[in-house]
>>> print(open('start_4.cif').read())   # mmCIF, C-alpha atoms
data_input
#
loop_
_atom_site.label_atom_id
_atom_site.label_comp_id
_atom_site.auth_asym_id
_atom_site.auth_seq_id
_atom_site.Cartn_x
_atom_site.Cartn_y
_atom_site.Cartn_z
CA LEU N 1 0.00 0.00 0.00
CA VAL N 2 2.82 2.41 0.87
CA LEU N 3 4.52 1.76 -2.46
CA VAL N 4 1.28 2.40 -4.36
CA LEU N 5 0.77 5.69 -2.53
CA MET N 6 4.37 6.71 -3.26
CA CYS N 7 3.86 6.01 -6.96
CA PHE N 8 0.68 8.09 -7.10
CA LEU N 9 2.26 11.05 -5.27
CA GLY N 10 3.55 12.48 -8.53
CA PHE N 11 0.70 11.33 -10.79
CA GLY N 12 -1.31 14.54 -10.55
CA SER N 13 1.74 16.74 -10.97
CA TYR N 14 2.91 15.00 -14.14
CA PHE N 15 -0.63 14.78 -15.49
CA CYS N 16 -1.22 18.53 -15.16
CA TYR N 17 2.31 19.57 -16.13
CA ASP N 18 1.60 18.72 -19.76
CA ASN N 19 -1.98 20.01 -19.84
CA PRO N 20 -0.85 22.89 -22.09
CA ALA N 21 0.78 20.46 -24.55
CA ALA N 22 -2.32 18.25 -24.72
CA LEU N 23 -4.49 21.34 -25.32
CA GLN N 24 -2.09 23.50 -27.31
CA ILE N 25 -4.49 24.24 -30.15
CA GLN N 26 -7.33 24.98 -27.77
CA VAL N 27 -5.19 27.15 -25.47
CA GLN N 28 -3.81 29.23 -28.33
CA MET N 29 -7.22 29.58 -29.97
CA ASP N 30 -9.31 30.29 -26.87
CA MET N 31 -6.77 32.59 -25.19
CA LYS N 32 -5.61 34.14 -28.50
CA LEU N 33 -1.92 33.37 -27.97
CA ASN N 34 1.01 33.00 -30.33
CA THR N 35 3.53 30.18 -29.93
CA ALA N 36 6.01 32.27 -27.92
CA GLU N 37 3.30 33.31 -25.46
CA PHE N 38 2.10 29.71 -25.19
CA MET N 39 5.59 28.47 -24.30
CA GLN N 40 5.71 30.96 -21.44
CA LEU N 41 3.41 28.54 -19.62
CA TYR N 42 6.36 26.12 -19.48
CA ALA N 43 8.91 28.84 -18.80
CA TRP N 44 7.02 30.05 -15.71
CA TYR N 45 6.95 26.48 -14.41
CA SER N 46 10.70 26.09 -14.91
CA TRP N 47 11.98 29.37 -13.44
CA PRO N 48 11.38 28.61 -9.74
CA ASN N 49 12.94 25.17 -10.14
CA VAL N 50 16.25 26.64 -11.32
CA ILE N 51 16.76 27.51 -7.64
CA LEU N 52 14.28 25.54 -5.55
CA CYS N 53 15.55 22.08 -6.49
CA PHE N 54 18.79 22.93 -4.66
CA PHE N 55 16.84 23.58 -1.49
CA GLY N 56 14.06 20.98 -1.72
CA GLY N 57 16.06 18.38 0.21
CA PHE N 58 17.17 20.98 2.77
CA LEU N 59 13.59 22.08 3.42
CA ILE N 60 12.48 18.47 3.88
CA ASP N 61 15.42 17.63 6.14
CA ARG N 62 15.71 20.71 8.30
CA VAL N 63 12.47 22.70 8.10
CA PHE N 64 9.30 20.76 7.26
CA GLY N 65 10.15 17.09 7.63
CA ILE N 66 9.16 14.57 4.99
CA ARG N 67 5.48 14.31 5.93
CA LEU N 68 4.66 18.01 6.21
CA GLY N 69 6.97 18.85 3.28
CA THR N 70 5.18 16.40 0.98
CA VAL N 71 1.77 17.82 1.92
CA ILE N 72 2.96 21.42 1.44
CA PHE N 73 4.45 20.73 -1.98
CA SER N 74 1.30 18.82 -2.99
CA LEU N 75 -0.77 21.83 -1.91
CA PHE N 76 1.35 24.12 -4.10
CA VAL N 77 0.66 21.81 -7.05
CA CYS N 78 -3.10 21.78 -6.35
CA ILE N 79 -3.37 25.52 -5.79
CA GLY N 80 -1.26 26.27 -8.84
CA GLN N 81 -3.42 24.11 -11.10
CA VAL N 82 -6.64 25.65 -9.75
CA ILE N 83 -5.30 29.19 -10.35
CA PHE N 84 -4.17 28.11 -13.82
CA ALA N 85 -7.70 26.90 -14.58
CA MET N 86 -9.24 30.06 -13.05
CA GLY N 87 -7.06 32.16 -15.34
CA ALA N 88 -8.62 30.42 -18.32
CA LEU N 89 -12.15 30.75 -16.88
CA LEU N 90 -11.63 34.50 -16.39
CA ASN N 91 -9.82 34.95 -19.73
CA ALA N 92 -6.79 36.26 -17.83
CA PHE N 93 -3.57 34.89 -19.28
CA TRP N 94 -1.45 36.61 -16.62
CA LEU N 95 -3.35 34.63 -13.98
CA MET N 96 -2.61 31.42 -15.88
CA GLU N 97 1.09 32.32 -15.74
CA VAL N 98 0.85 32.92 -11.98
CA GLY N 99 -0.78 29.52 -11.61
CA ARG N 100 2.02 27.82 -13.52
CA LEU N 101 4.59 29.59 -11.35
CA ILE N 102 2.94 28.33 -8.15
CA PHE N 103 2.54 24.89 -9.71
CA GLY N 104 6.27 24.86 -10.48
CA ILE N 105 7.20 25.74 -6.89
CA GLY N 106 5.63 22.50 -5.73
CA GLY N 107 6.15 20.21 -8.73
CA GLU N 108 9.84 19.35 -8.71
CA SER N 109 10.20 19.60 -4.93
CA LEU N 110 7.40 17.04 -4.66
CA ALA N 111 9.58 14.68 -6.71
CA VAL N 112 12.37 15.17 -4.15
CA ALA N 113 9.94 14.30 -1.35
CA GLN N 114 8.78 11.24 -3.29
CA ASN N 115 12.35 9.97 -3.55
CA THR N 116 12.93 10.68 0.14
CA TYR N 117 9.98 8.50 1.05
CA GLY N 118 11.42 5.76 -1.14
CA VAL N 119 14.78 5.88 0.62
CA SER N 120 13.05 5.95 4.00
CA TRP N 121 10.90 2.86 3.42
CA PHE N 122 13.07 0.71 1.14
CA LYS N 123 16.73 -0.28 1.21
CA GLY N 124 19.42 -1.75 -1.01
CA LYS N 125 18.39 -3.40 -4.27
CA GLU N 126 14.73 -2.63 -3.62
CA LEU N 127 15.39 1.04 -4.35
CA ASN N 128 16.03 0.48 -8.05
CA LEU N 129 12.59 -1.12 -8.45
CA VAL N 130 10.93 1.57 -6.31
CA PHE N 131 12.45 4.46 -8.26
CA GLY N 132 11.56 2.73 -11.53
CA LEU N 133 7.94 2.26 -10.48
CA GLN N 134 7.68 5.87 -9.33
CA LEU N 135 9.01 7.15 -12.64
CA SER N 136 6.78 4.79 -14.62
CA MET N 137 3.67 6.00 -12.80
CA ALA N 138 4.69 9.61 -13.38
CA ARG N 139 5.04 8.98 -17.13
CA ILE N 140 1.71 7.17 -17.16
CA GLY N 141 0.26 10.41 -15.83
CA SER N 142 1.77 12.33 -18.76
CA THR N 143 0.58 9.72 -21.25
CA VAL N 144 -2.98 9.66 -19.91
CA ASN N 145 -3.04 13.46 -20.07
CA MET N 146 -1.95 13.55 -23.71
CA ASN N 147 -4.64 11.05 -24.70
CA VAL N 148 -7.52 12.20 -22.50
CA MET N 149 -7.58 15.99 -22.17
CA SER N 150 -8.62 16.67 -25.77
CA LEU N 151 -11.51 14.25 -25.33
CA VAL N 152 -12.50 15.99 -22.10
CA TYR N 153 -12.41 19.35 -23.88
CA ASP N 154 -14.62 18.02 -26.70
CA SER N 155 -17.09 16.63 -24.15
CA ILE N 156 -17.28 20.02 -22.41
CA VAL N 157 -17.87 21.68 -25.81
CA LYS N 158 -20.89 19.42 -26.33
CA LEU N 159 -22.26 20.30 -22.88
CA VAL N 160 -21.61 24.05 -23.09
CA GLY N 161 -22.44 24.34 -26.76
CA SER N 162 -19.35 26.25 -27.88
CA THR N 163 -15.59 26.55 -27.60
CA GLY N 164 -13.90 29.40 -25.76
CA TYR N 165 -11.99 30.26 -22.63
CA THR N 166 -14.83 29.07 -20.36
CA THR N 167 -14.70 25.60 -21.89
CA LEU N 168 -10.92 25.59 -21.55
CA GLY N 169 -11.13 26.63 -17.89
CA ILE N 170 -13.62 23.89 -17.05
CA THR N 171 -11.39 21.32 -18.76
CA LEU N 172 -8.32 22.43 -16.80
CA MET N 173 -10.33 22.43 -13.57
CA ILE N 174 -11.28 18.80 -14.21
CA GLY N 175 -7.55 18.10 -14.60
CA ALA N 176 -7.02 19.53 -11.11
CA VAL N 177 -8.89 16.53 -9.72
CA THR N 178 -5.75 14.44 -10.31
CA CYS N 179 -3.76 16.87 -8.13
CA ILE N 180 -6.33 16.53 -5.35
CA PHE N 181 -6.00 12.76 -5.68
CA SER N 182 -2.22 13.00 -5.27
CA LEU N 183 -2.67 15.32 -2.27
CA THR N 184 -4.94 12.68 -0.71
CA CYS N 185 -2.19 10.10 -1.27
CA ALA N 186 0.28 12.44 0.47
CA LEU N 187 -2.01 12.76 3.50
CA ILE N 188 -2.58 9.00 3.78
CA LEU N 189 1.12 8.30 3.29
CA GLY N 190 1.98 10.81 6.01
CA TYR N 191 -0.42 9.08 8.39
CA LEU N 192 1.05 5.64 7.63
CA ASP N 193 4.60 6.96 8.02
CA LYS N 194 3.71 8.52 11.39
CA ARG N 195 2.11 5.25 12.49
CA ALA N 196 5.15 3.25 11.40
CA GLU N 197 7.40 5.63 13.30
CA LYS N 198 5.54 4.86 16.52
CA ILE N 199 5.14 1.11 16.04
CA LEU N 200 8.53 0.29 14.52
CA ASN N 201 10.54 3.07 16.16
CA LYS N 202 11.36 4.20 12.64
CA GLU N 203 12.93 7.63 12.15
CA GLN N 204 11.18 10.10 9.90
CA GLY N 205 12.69 9.93 6.43
CA LYS N 206 15.58 12.25 5.66
CA THR N 207 17.72 12.80 2.61
CA GLY N 208 20.94 12.61 4.62
CA GLU N 209 23.62 15.28 5.00
CA VAL N 210 22.82 18.79 3.89
CA ILE N 211 24.76 19.65 0.74
CA LYS N 212 26.62 22.97 0.76
CA LEU N 213 27.30 24.99 -2.38
CA THR N 214 31.02 24.69 -1.67
CA ASP N 215 30.73 20.93 -2.28
CA VAL N 216 30.45 21.67 -6.01
CA LYS N 217 34.22 21.88 -6.29
CA ASP N 218 34.48 18.25 -5.13
CA PHE N 219 32.10 16.82 -7.76
CA SER N 220 33.75 14.20 -9.97
CA LEU N 221 33.96 14.41 -13.76
CA SER N 222 31.52 11.51 -14.14
CA LEU N 223 28.94 13.40 -12.06
CA TRP N 224 29.33 16.51 -14.24
CA LEU N 225 28.84 14.32 -17.32
CA ILE N 226 25.60 12.99 -15.82
CA PHE N 227 24.48 16.60 -15.27
CA LEU N 228 25.22 17.40 -18.93
CA ILE N 229 23.32 14.34 -20.13
CA CYS N 230 20.28 15.45 -18.14
CA VAL N 231 20.53 19.02 -19.47
CA PHE N 232 20.76 17.93 -23.11
CA TYR N 233 17.95 15.41 -22.61
CA TYR N 234 15.64 18.06 -21.17
CA VAL N 235 16.57 20.57 -23.86
CA ALA N 236 15.88 18.08 -26.66
CA VAL N 237 12.80 16.26 -25.37
CA PHE N 238 10.58 18.52 -23.28
CA PRO N 239 10.27 21.53 -25.63
CA PHE N 240 9.29 19.08 -28.37
CA ILE N 241 6.63 17.53 -26.14
CA GLY N 242 5.25 21.01 -25.52
CA LEU N 243 4.97 21.78 -29.26
CA GLY N 244 4.82 18.27 -30.71
CA LYS N 245 1.06 18.04 -31.17
CA VAL N 246 0.79 21.01 -33.53
CA PHE N 247 3.99 19.91 -35.31
CA PHE N 248 2.50 16.51 -36.19
CA ILE N 249 -0.80 18.09 -37.25
CA GLU N 250 0.79 20.70 -39.53
CA LYS N 251 3.73 18.65 -40.84
CA PHE N 252 2.09 15.25 -41.36
CA GLN N 253 -1.62 16.21 -41.43
CA PHE N 254 -2.38 14.01 -38.42
CA SER N 255 -5.71 14.31 -36.65
CA PRO N 256 -5.53 15.78 -33.11
CA GLU N 257 -6.08 12.30 -31.66
CA GLN N 258 -3.23 10.81 -33.73
CA ALA N 259 -0.97 13.73 -32.78
CA ASP N 260 -1.72 13.15 -29.09
CA ARG N 261 -0.63 9.54 -29.34
CA LYS N 262 2.58 10.43 -31.18
CA SER N 263 3.60 13.25 -28.85
#
>>> encode(input="start_4.cif", output="structure tokens")
Amino acid sequence: LVLVLMCFLGFGSYFCYDNPAALQIQVQMDMKLNTAEFMQLYAWYSWPNVILCFFGGFLIDRVFGIRLGTVIFSLFVCIGQVIFAMGALLNAFWLMEVGRLIFGIGGESLAVAQNTYGVSWFKGKELNLVFGLQLSMARIGSTVNMNVMSLVYDSIVKLVGSTGYTTLGITLMIGAVTCIFSLTCALILGYLDKRAEKILNKEQGKTGEVIKLTDVKDFSLSLWLIFLICVFYYVAVFPFIGLGKVFFIEKFQFSPEQADRKS
């Protein structure tokens, strides 16, 4: 049960992260955006994580603790997605950007908390399987989003009777349900972790020693190469995911459903 809850911690975050990509045509049309403005929705998510990922482990270790930290980061994700959806409902693109910023504050730090729970509950060779399952569930969230959100939007169009920013806002608000689900998982997992601490005399999960910025000078060449691999991977893959749907439609004349499956 604990492993299942850990896996679903990041489901809502990854599902909603790519909401703009799954609804790119609808977002640009309903909010009257060009491609550069549309990509700002991803930029505003990324900016806080340039800094916050350095401190996510510190906040969990020294300030919040794993249980409270996970709930707080999950709340940021939920609140950010709701504000993002409200921005669409009110036809206020600036509010959508604010929502993505708040969403970003919680998103990547929640992944740190998820890994901390894994290290706290599992040891040795088990960790490889646990991390793999967590990542798989996160990607399932992204995949479900890419294949479902357009259908949800079309269903809302049939109910409302027209397209527009109101339809877009309702669709994004429905997506926020997955974030609430992940928040529920965080609360249940916190309760189980607290219970295990009392029964098994288990210490609350921690990431270990606090890393100082001065430790950078001691990083090995192989570690720097891993950093570079991650940077180039993110640069190559994630911008394409954000724009891939329209690319497949315009370049290869795919239907929106086919483009969703490809991207």
>>> closest_atom_pairs(input="start_4.cif", of="stretch 58-112 of chain N", to="stretch 189-201 of chain N", cutoff="9 Å", atoms="only C-alpha atoms", output="tab-separated table")
residue	atom	partner	partner_atom	distance
N:Ile66	CA	N:Gly190	CA	8.2
N:Arg67	CA	N:Gly190	CA	5.0
N:Leu68	CA	N:Gly190	CA	7.7
N:Thr70	CA	N:Gly190	CA	8.2
N:Val71	CA	N:Gly190	CA	8.1
>>> closest_residue(input="start_4.cif", among="N:Ile51, N:Ser182, N:Ala176, N:Val231", to="N:Met137", atoms="all atoms listed in the file")
N:Ser182
>>> residues_around(input="start_4.cif", residues="stretch 87-96 of chain N", least_positions_apart="3", cutoff="9 Å", atoms="only C-alpha atoms", output="list in words")
Val27, Asp30, Met31, Leu33, Leu41, Gly80, Gln81, Val82, Ile83, Phe84, Gly99, Arg100, Leu101, Tyr165, Thr166, Thr167, Leu168, Gly169, Ile170 and Leu172 of chain N
>>> write_last_selection(input="start_4.cif", atoms="C-alpha atoms", output="compact mmCIF listing (two decimals), keeping the file's coordinate frame")
# COMPACT_ATOMS: atom_id res chain seq x y z
CA VAL N 27 -5.19 27.15 -25.47
CA ASP N 30 -9.31 30.29 -26.87
CA MET N 31 -6.77 32.59 -25.19
CA LEU N 33 -1.92 33.37 -27.97
CA LEU N 41 3.41 28.54 -19.62
CA GLY N 80 -1.26 26.27 -8.84
CA GLN N 81 -3.42 24.11 -11.10
CA VAL N 82 -6.64 25.65 -9.75
CA ILE N 83 -5.30 29.19 -10.35
CA PHE N 84 -4.17 28.11 -13.82
CA GLY N 99 -0.78 29.52 -11.61
CA ARG N 100 2.02 27.82 -13.52
CA LEU N 101 4.59 29.59 -11.35
CA TYR N 165 -11.99 30.26 -22.63
CA THR N 166 -14.83 29.07 -20.36
CA THR N 167 -14.70 25.60 -21.89
CA LEU N 168 -10.92 25.59 -21.55
CA GLY N 169 -11.13 26.63 -17.89
CA ILE N 170 -13.62 23.89 -17.05
CA LEU N 172 -8.32 22.43 -16.80
>>> closest_residue(input="start_4.cif", among="N:Ala21, N:Val2, N:Cys185, N:Ile226", to="N:Gly118", atoms="all atoms listed in the file")
N:Val2
>>> residues_around(input="start_4.cif", residues="N:Glu108", least_positions_apart="5", cutoff="10 Å", atoms="all atoms listed in the file", output="JSON, numbers by chain")
{"N": [10, 13, 14, 45, 46, 48, 49, 52, 53, 56, 73, 77, 103, 113, 114]}
>>> closest_residue(input="start_4.cif", among="N:Ser155, N:Asn19, N:Ser150, N:Gln28", to="N:Tyr42", atoms="all atoms listed in the file")
N:Asn19
